[in-house]
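Note: the block below is work39.cif and it holds mmCIF, C-alpha atoms and all ligand atoms.
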data_model
loop_
_atom_site.label_atom_id
_atom_site.label_comp_id
_atom_site.auth_asym_id
_atom_site.auth_seq_id
_atom_site.Cartn_x
_atom_site.Cartn_y
_atom_site.Cartn_z
CA MET A 1 0.00 0.00 0.00
CA LYS A 2 1.26 3.50 -0.84
CA LYS A 3 2.54 5.40 2.16
CA HIS A 4 0.71 8.59 3.04
CA ILE A 5 2.56 11.91 2.84
CA ALA A 6 1.91 14.60 5.46
CA LEU A 7 2.83 18.29 5.47
CA ILE A 8 2.94 20.05 8.83
CA THR A 9 3.24 23.85 8.77
CA GLY A 10 5.30 25.17 11.66
CA GLY A 11 6.57 21.60 11.80
CA THR A 12 9.80 22.39 13.60
CA GLY A 13 8.07 24.15 16.51
CA GLY A 14 7.10 22.59 19.84
CA ILE A 15 3.76 21.02 18.92
CA GLY A 16 4.79 20.64 15.27
CA THR A 17 7.80 18.53 16.20
CA ALA A 18 5.66 16.16 18.27
CA ILE A 19 3.18 15.85 15.40
CA CYS A 20 5.97 15.15 12.88
CA LYS A 21 7.46 12.42 15.09
CA GLU A 22 4.10 10.83 15.89
CA LEU A 23 3.06 10.66 12.22
CA ALA A 24 6.53 9.46 11.18
CA SER A 25 6.34 6.70 13.80
CA GLN A 26 3.21 5.49 12.00
CA ASP A 27 5.12 5.02 8.76
CA ILE A 28 3.83 8.23 7.21
CA ILE A 29 6.29 10.28 5.11
CA VAL A 30 6.45 13.64 6.85
CA VAL A 31 7.43 17.07 5.52
CA ALA A 32 7.97 19.73 8.18
CA ASN A 33 7.51 23.28 6.92
CA TYR A 34 9.70 25.99 8.43
CA PHE A 35 10.00 29.76 8.08
CA PRO A 36 12.63 30.45 5.33
CA ALA A 37 14.83 32.72 7.48
CA GLU A 38 15.21 29.84 9.97
CA LYS A 39 16.98 27.53 7.48
CA PRO A 40 20.07 26.78 9.63
CA GLN A 41 17.89 25.94 12.66
CA ALA A 42 15.61 23.79 10.52
CA GLU A 43 18.59 21.88 9.10
CA ASN A 44 19.89 21.21 12.62
CA TRP A 45 16.41 20.09 13.66
CA LEU A 46 16.35 17.69 10.71
CA ILE A 47 19.72 16.18 11.66
CA GLU A 48 18.37 15.48 15.16
CA VAL A 49 15.05 13.93 14.14
CA ARG A 50 16.53 11.97 11.21
CA ASN A 51 18.47 9.75 13.64
CA GLN A 52 15.20 8.18 14.66
CA TYR A 53 12.91 9.09 11.75
CA PRO A 54 14.55 8.85 8.32
CA ASN A 55 11.11 9.45 6.78
CA ILE A 56 11.05 13.15 7.83
CA PHE A 57 11.92 15.96 5.37
CA ILE A 58 11.81 19.77 5.57
CA ALA A 59 10.40 22.46 3.26
CA ALA A 60 10.63 26.24 3.53
CA ALA A 61 7.75 28.66 3.12
CA ASP A 62 6.40 31.75 4.79
CA VAL A 63 2.82 30.61 5.38
CA THR A 64 1.60 34.22 5.35
CA ASP A 65 2.59 34.42 1.68
CA TYR A 66 0.43 32.62 -0.92
CA ASP A 67 3.19 32.49 -3.55
CA SER A 68 5.74 31.17 -1.06
CA CYS A 69 3.27 28.39 -0.16
CA HIS A 70 2.75 27.68 -3.87
CA ASP A 71 6.50 27.22 -4.41
CA MET A 72 6.78 24.95 -1.36
CA LEU A 73 3.83 22.79 -2.47
CA GLU A 74 5.29 22.41 -5.96
CA SER A 75 8.69 21.35 -4.63
CA VAL A 76 7.16 18.89 -2.14
CA LYS A 77 5.08 17.37 -4.94
CA THR A 78 8.16 16.98 -7.15
CA ASP A 79 10.66 15.86 -4.50
CA VAL A 80 8.47 13.79 -2.16
CA GLY A 81 5.05 13.24 -3.74
CA PRO A 82 1.41 14.31 -3.44
CA ILE A 83 0.30 15.44 0.03
CA ASP A 84 -2.49 13.39 1.63
CA ILE A 85 -2.46 14.90 5.11
CA LEU A 86 -2.13 18.62 5.88
CA VAL A 87 -1.70 19.91 9.42
CA ASN A 88 -1.98 23.71 9.65
CA CYS A 89 0.04 24.26 12.81
CA ALA A 90 2.11 27.44 12.27
CA GLY A 91 1.15 30.15 14.71
CA ILE A 92 2.35 33.12 16.71
CA THR A 93 1.14 35.30 19.58
CA ARG A 94 1.41 39.10 19.84
CA ASP A 95 -0.54 39.67 23.06
CA LYS A 96 -1.86 43.13 23.96
CA THR A 97 -5.18 44.41 25.22
CA LEU A 98 -7.18 45.81 22.34
CA LYS A 99 -6.80 49.42 23.43
CA SER A 100 -3.05 49.26 22.82
CA MET A 101 -2.89 46.65 20.05
CA THR A 102 -1.15 48.01 16.94
CA PRO A 103 -2.31 47.22 13.40
CA ASP A 104 0.91 45.23 12.96
CA GLN A 105 0.17 43.07 16.04
CA TRP A 106 -3.36 42.46 14.78
CA ASN A 107 -2.39 41.74 11.17
CA SER A 108 0.61 39.53 11.86
CA VAL A 109 -1.46 37.19 14.05
CA ILE A 110 -4.38 37.07 11.60
CA ASN A 111 -1.97 36.45 8.72
CA THR A 112 0.04 33.74 10.46
CA ASN A 113 -2.73 31.94 12.33
CA LEU A 114 -5.67 32.25 9.93
CA ASN A 115 -4.73 33.44 6.44
CA SER A 116 -2.01 30.77 6.43
CA ALA A 117 -4.67 28.05 6.48
CA TYR A 118 -6.23 29.55 3.34
CA ASN A 119 -2.82 29.98 1.68
CA VAL A 120 -1.90 26.30 2.02
CA THR A 121 -5.25 24.48 2.05
CA GLN A 122 -6.68 26.33 -0.94
CA GLN A 123 -3.77 25.15 -3.09
CA LEU A 124 -4.09 21.50 -2.01
CA ILE A 125 -7.77 20.77 -1.57
CA GLN A 126 -8.66 20.24 -5.23
CA GLU A 127 -6.02 17.55 -5.75
CA MET A 128 -6.98 15.80 -2.49
CA MET A 129 -10.59 15.68 -3.70
CA GLU A 130 -9.50 14.39 -7.12
CA ARG A 131 -7.53 11.58 -5.46
CA GLY A 132 -10.52 10.76 -3.22
CA PHE A 133 -8.62 10.97 0.04
CA GLY A 134 -7.38 13.72 2.30
CA ARG A 135 -7.04 14.81 5.90
CA VAL A 136 -6.84 18.49 6.85
CA ILE A 137 -6.25 19.20 10.52
CA ASN A 138 -6.20 22.79 11.76
CA ILE A 139 -4.52 23.56 15.07
CA SER A 140 -6.68 26.14 16.81
CA SER A 141 -6.75 26.87 20.55
CA VAL A 142 -8.99 26.82 23.59
CA ASN A 143 -8.69 30.60 23.42
CA GLY A 144 -10.49 30.58 20.08
CA GLN A 145 -13.39 28.87 21.86
CA LYS A 146 -13.64 30.94 25.03
CA GLY A 147 -11.69 34.15 24.21
CA GLN A 148 -8.75 35.31 26.31
CA PHE A 149 -7.86 38.64 27.92
CA GLY A 150 -5.10 40.30 25.90
CA GLN A 151 -5.61 38.05 22.88
CA ALA A 152 -8.27 39.68 20.68
CA ASN A 153 -6.06 39.00 17.65
CA TYR A 154 -5.23 35.39 18.59
CA SER A 155 -8.76 34.50 19.75
CA ALA A 156 -10.27 35.95 16.57
CA ALA A 157 -7.82 34.07 14.34
CA LYS A 158 -8.30 30.77 16.15
CA ALA A 159 -12.11 31.08 16.22
CA GLY A 160 -11.97 31.92 12.51
CA LEU A 161 -9.89 28.84 11.90
CA HIS A 162 -12.67 26.58 13.15
CA GLY A 163 -15.19 28.45 10.98
CA PHE A 164 -12.86 27.69 8.07
CA THR A 165 -12.77 24.03 9.13
CA MET A 166 -16.57 23.71 9.19
CA ALA A 167 -17.05 25.39 5.80
CA VAL A 168 -14.33 23.47 3.98
CA ALA A 169 -15.45 20.20 5.62
CA GLN A 170 -18.82 20.64 3.93
CA GLU A 171 -17.25 21.44 0.58
CA CYS A 172 -15.21 18.24 0.40
CA ALA A 173 -17.06 15.71 2.58
CA SER A 174 -18.34 13.71 -0.40
CA LYS A 175 -14.81 13.35 -1.85
CA GLY A 176 -13.14 11.43 0.97
CA VAL A 177 -11.49 14.50 2.47
CA THR A 178 -12.14 15.25 6.14
CA VAL A 179 -11.38 18.62 7.72
CA ASN A 180 -11.15 18.96 11.49
CA THR A 181 -9.85 21.27 14.17
CA VAL A 182 -7.77 20.33 17.20
CA SER A 183 -7.97 22.92 19.98
CA PRO A 184 -5.20 22.54 22.53
CA GLY A 185 -5.37 24.13 25.96
CA TYR A 186 -2.10 25.25 27.56
CA ILE A 187 0.76 23.08 26.31
CA GLU A 188 4.39 23.14 27.46
CA THR A 189 6.22 24.74 24.51
CA ALA A 190 8.33 27.82 23.76
CA MET A 191 5.09 29.73 23.14
CA THR A 192 3.84 29.24 26.72
CA ARG A 193 7.32 29.54 28.27
CA GLU A 194 7.05 33.23 27.36
CA LEU A 195 4.20 33.65 29.89
CA PRO A 196 5.02 35.08 33.35
CA GLU A 197 5.32 32.44 36.11
CA GLN A 198 2.32 33.73 38.07
CA VAL A 199 0.10 33.66 34.95
CA LEU A 200 1.13 30.06 34.29
CA THR A 201 0.38 29.08 37.90
CA SER A 202 -3.08 30.59 37.76
CA ILE A 203 -3.73 28.88 34.41
CA VAL A 204 -2.70 25.48 35.78
CA ASN A 205 -4.96 26.00 38.80
CA SER A 206 -7.90 26.60 36.47
CA VAL A 207 -7.35 23.31 34.61
CA PRO A 208 -9.32 20.37 36.10
CA LEU A 209 -6.31 18.08 35.41
CA LYS A 210 -4.08 20.57 37.35
CA ARG A 211 -1.26 20.49 34.84
CA MET A 212 -0.33 21.74 31.41
CA GLY A 213 -0.64 19.42 28.46
CA THR A 214 2.24 18.00 26.47
CA ALA A 215 2.89 18.43 22.77
CA GLN A 216 2.74 14.64 22.52
CA GLU A 217 -0.85 14.65 23.79
CA VAL A 218 -1.81 17.05 20.98
CA ALA A 219 0.07 14.88 18.50
CA TYR A 220 -1.95 11.80 19.52
CA ALA A 221 -5.20 13.60 18.65
CA VAL A 222 -3.82 14.76 15.30
CA ALA A 223 -2.54 11.30 14.39
CA TRP A 224 -5.90 9.79 15.29
CA LEU A 225 -7.77 12.21 13.00
CA ALA A 226 -5.23 11.52 10.24
CA GLU A 227 -5.93 7.78 10.17
CA GLU A 228 -7.49 6.46 7.00
CA LYS A 229 -10.06 4.45 8.98
CA ASN A 230 -11.13 7.62 10.79
CA ALA A 231 -13.34 8.66 7.90
CA TYR A 232 -16.62 9.66 9.57
CA ILE A 233 -15.42 12.62 11.68
CA THR A 234 -15.46 15.91 9.81
CA GLY A 235 -16.06 19.53 10.77
CA ALA A 236 -15.33 18.64 14.40
CA ASN A 237 -13.39 20.59 16.99
CA ILE A 238 -11.45 18.18 19.21
CA PRO A 239 -10.42 19.70 22.55
CA VAL A 240 -7.08 18.70 24.11
CA ASN A 241 -7.29 20.96 27.14
CA GLY A 242 -7.35 18.92 30.36
CA GLY A 243 -11.00 19.87 30.86
CA MET A 244 -10.23 23.60 30.91
CA TYR A 245 -13.15 24.39 28.62
CA MET A 246 -16.03 21.97 28.24
CA SER A 247 -18.83 22.44 25.73
CA SER A 248 -21.69 20.29 24.51
P1 LIG B 1 6.01 27.27 18.46
O1 LIG B 1 6.33 28.73 18.49
O2 LIG B 1 6.92 26.31 19.09
O3 LIG B 1 5.72 26.80 16.96
C1 LIG B 1 5.12 27.61 16.01
C2 LIG B 1 5.78 27.34 14.69
O4 LIG B 1 5.19 28.14 13.66
C3 LIG B 1 7.29 27.68 14.72
O5 LIG B 1 8.00 26.62 14.15
C4 LIG B 1 7.35 28.92 13.86
O6 LIG B 1 8.57 29.07 13.19
C5 LIG B 1 6.25 28.64 12.86
N1 LIG B 1 5.87 29.85 12.15
C6 LIG B 1 5.52 31.04 12.66
N2 LIG B 1 5.29 31.92 11.67
C7 LIG B 1 5.51 31.25 10.50
C8 LIG B 1 5.44 31.62 9.13
N3 LIG B 1 5.07 32.85 8.75
N4 LIG B 1 5.75 30.68 8.21
C9 LIG B 1 6.12 29.43 8.56
N5 LIG B 1 6.20 29.04 9.85
C10 LIG B 1 5.90 29.94 10.80
O7 LIG B 1 4.56 27.19 19.11
P2 LIG B 1 3.69 25.91 19.52
O8 LIG B 1 4.29 24.66 19.04
O9 LIG B 1 3.35 26.08 20.92
O10 LIG B 1 2.36 26.21 18.69
C11 LIG B 1 1.97 25.44 17.54
C12 LIG B 1 0.51 25.76 17.24
O11 LIG B 1 -0.28 25.36 18.36
C13 LIG B 1 0.23 27.25 17.03
O12 LIG B 1 -0.70 27.41 15.99
C14 LIG B 1 -0.35 27.68 18.35
O13 LIG B 1 -1.20 28.80 18.21
C15 LIG B 1 -1.12 26.44 18.75
N6 LIG B 1 -1.40 26.34 20.16
C16 LIG B 1 -0.38 26.30 21.09
C17 LIG B 1 -0.69 26.19 22.42
C18 LIG B 1 0.37 26.13 23.48
O14 LIG B 1 -0.01 26.15 24.67
N7 LIG B 1 1.64 26.02 23.16
C19 LIG B 1 -2.06 26.15 22.89
C20 LIG B 1 -3.04 26.20 21.84
C21 LIG B 1 -2.70 26.28 20.53
P3 LIG B 1 9.70 30.05 13.83
O15 LIG B 1 10.05 29.42 15.14
O16 LIG B 1 10.77 30.00 12.84
O17 LIG B 1 9.08 31.37 13.98
#
Take the structure from the file and write it as structure tokens.
Amino acid sequence: MKKHIALITGGTGGIGTAICKELASQDIIVVANYFPAEKPQAENWLIEVRNQYPNIFIAAADVTDYDSCHDMLESVKTDVGPIDILVNCAGITRDKTLKSMTPDQWNSVINTNLNSAYNVTQQLIQEMMERGFGRVINISSVNGQKGQFGQANYSAAKAGLHGFTMAVAQECASKGVTVNTVSPGYIETAMTRELPEQVLTSIVNSVPLKRMGTAQEVAYAVAWLAEEKNAYITGANIPVNGGMYMSS
């Protein structure tokens, strides 16, 4: 049977790395996207992961740039093969309360966390539908579900991402392509290490499981949605948040 090929945007980041390794451990060929200016870091990352996972590759693109995504998708298709699984994972934070949020802080988060999903998915979805199989998994956030003080930009982008999921899921459901969201709570990565200690403590206290999640726990949910036999879940928003936000 042909091996599936997965592309993970922001694949060399904290959660992205765990997703790459989890999918690679399931015999999927994995391409980790990285931001072009980070080439030396991405090459070092590849040397480390290749020891254990020779089926991981890297590809550069700025996901905020449609043409850059186009070039990356063309080179992945030529060098590795057609992409069956797309994980839109690249993301940033630029936290500020709205009253002092600059247009640049607003736009950079919307571009990186939401427009990126359009830039990559739009250029892949037709060929997935033509091949009759595809998995698109968008990494949102608990803060897109409940909002978060100081994160109007991030919460808007992440809520928008699930709206994108639900719309695209309907457009390609009959063609064997599922589209789902995974919404992590607070996960131990570089992104959350930036938070002040007292903020982290109060967050952990508000989580029923009384701890932060791990990138590996997010990766398990992504790998499960990516399975070929998992064909009847689409348009869903899977929470990986330790019970921090529960909804019916
Ligand atoms: P990281 O900062 O570790 O990873 C984010 C990745 O996105 C980095 O590899 C980063 O590259 C990449 N990236 C940023 N901008 C671009 C761009 N323009 N083009 C290509 N790549 C880009 O964060 P996490 O692993 O924690 O986050 C991964 C995802 O999970 C994000 O979407 C985040 O919003 C989401 N999330 C994280 C949570 C957490 O608690 N950590 C909770 C909920 C959701 P570079 O390092 O070179 O900038």
For this session: List all protein, DNA and RNA residues that have at least one atom no more than 8 Å from any atom of ligand LIG 1 (chain B), counting all atoms listed in the file, and write them as a VMD selection string.
Result: chain A and resid 9 to 17 33 to 38 60 to 65 88 to 93 111 to 113 116 139 to 143 154 158 183 to 192 213 215
Seminar exercise, completed: Computed gap from CA of Arg135 (chain A) to CA of Trp45 (chain A) is 25.3 Å
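Distance check against Pro208 (chain A) using only C-alpha atoms: of A:Asn237, A:Met101, A:Met246, A:Ile28, the minimum falls on A:Met246.
The gap separating CA of His70 (chain A) from CA of Glu43 (chain A) is 21.3 Å, in Å to one decimal.
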Exercise. With distances taken over all atoms listed in the file, which of A:Ile137, A:Ala6, A:Ala223, A:Met212 is nearest to Met166 (chain A)?
Worked result: A:Ile137
Problem set entry | Residue among A:Ala156, A:Ala173, A:Val136, A:Met72 lying closest to Ile110 (chain A), counting all atoms listed in the file | A:Ala156
